[in-house]
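Colleague: My questions all concern the structure below.
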Amino acid sequence: MSLVPKNKLATTSLTLGLVGWAIYLLQWCFDLTLGLLLAAITAGAGAVCSTILDVVPLLLWLAGIVTGYAALSQIKRSGGPGRGRAVWGLVLNYFGLFFIVIFTILVVILIATGVGVGMLEKVLPMLHK
């Protein structure tokens with residue numbers, strides 16, 4: 001019985017997608033819990049950690065897209081296994097990239113239209129009571 005070697009680039013693409021999503025979701029948990037506490041204690045210096053956690057998934061997803069396409073190219077040339085991993089890696093990585101782009105566009109629209117300012121004007125007087 002011979003074992004067919006797996007395509008390492010396909011596995012890397014899938015792993016980068018999964019790790020990128022894990023870090024992204026952990027970043028949200030950090031922002032809503034420990035991040036708020038750090039911001040209160042350090043007068044906003046904890047935002048540096050949050051910013052780093054925002055950028056890391058983006059970089060992982062971009063690297064995952066590159067490795068996914070490289071894996072598909074290798075698989076097409078050699079006819080080896082791993083196409084499913086490469087495709088799922090590309091799906092996870094592109095979905096993450098798409099999510100970041102859409103979320104960024106929505107935040108820019110909210111800031112440009114002043115919707116967020118209207119919400120803050122309602123919340124801030126309640127905090128000063």
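Going by the structure tokens order, chains are called A, B, ..., each with residues numbered from 1, while ligands are numbered from 1 in the order shown.
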A:Val19: which residues within 8 Å, counting only C-alpha atoms, same-chain residues fewer than 4 positions away excluded, as an NGL selection string?
Modeller: :A and (15 or 23 or 57 or 60)
Colleague: Using only C-alpha atoms, which protein or nucleic acid residues come within 12 Å of A:Thr12? Drop anything in the same chain fewer than 6 positions from it, and give the result as an mmCIF file with C-alpha atoms, in the first residue's frame.
Modeller:
```cif
data_model
loop_
_atom_site.group_PDB
_atom_site.id
_atom_site.type_symbol
_atom_site.label_atom_id
_atom_site.label_comp_id
_atom_site.auth_asym_id
_atom_site.auth_seq_id
_atom_site.Cartn_x
_atom_site.Cartn_y
_atom_site.Cartn_z
ATOM 1 C CA LYS A 6 -0.436 15.489 -0.185
ATOM 2 C CA LEU A 18 -8.626 28.741 8.982
ATOM 3 C CA VAL A 19 -6.001 30.492 11.107
ATOM 4 C CA GLY A 20 -6.946 33.860 9.587
ATOM 5 C CA LEU A 60 -2.836 35.519 6.141
ATOM 6 C CA TRP A 61 -5.753 35.563 3.707
ATOM 7 C CA ALA A 63 -0.910 34.638 1.470
ATOM 8 C CA GLY A 64 -3.571 31.898 1.434
ATOM 9 C CA ILE A 65 -4.889 33.106 -1.913
ATOM 10 C CA VAL A 66 -1.399 33.055 -3.425
ATOM 11 C CA THR A 67 -0.635 29.563 -2.094
ATOM 12 C CA GLY A 68 -4.056 28.299 -3.166
ATOM 13 C CA TYR A 69 -3.489 29.341 -6.771
ATOM 14 C CA ALA A 70 0.040 27.953 -6.700
ATOM 15 C CA ALA A 71 -1.346 24.653 -5.399
ATOM 16 C CA GLY A 82 -5.182 18.120 -2.995
ATOM 17 C CA ARG A 85 -7.994 21.478 -0.060
ATOM 18 C CA ALA A 86 -6.797 24.146 -2.457
ATOM 19 C CA VAL A 87 -10.343 25.088 -3.471
ATOM 20 C CA TRP A 88 -11.562 25.226 0.138
ATOM 21 C CA GLY A 89 -8.504 27.280 1.057
ATOM 22 C CA LEU A 90 -9.319 29.739 -1.721
ATOM 23 C CA ASN A 93 -9.371 33.184 2.020
#
```
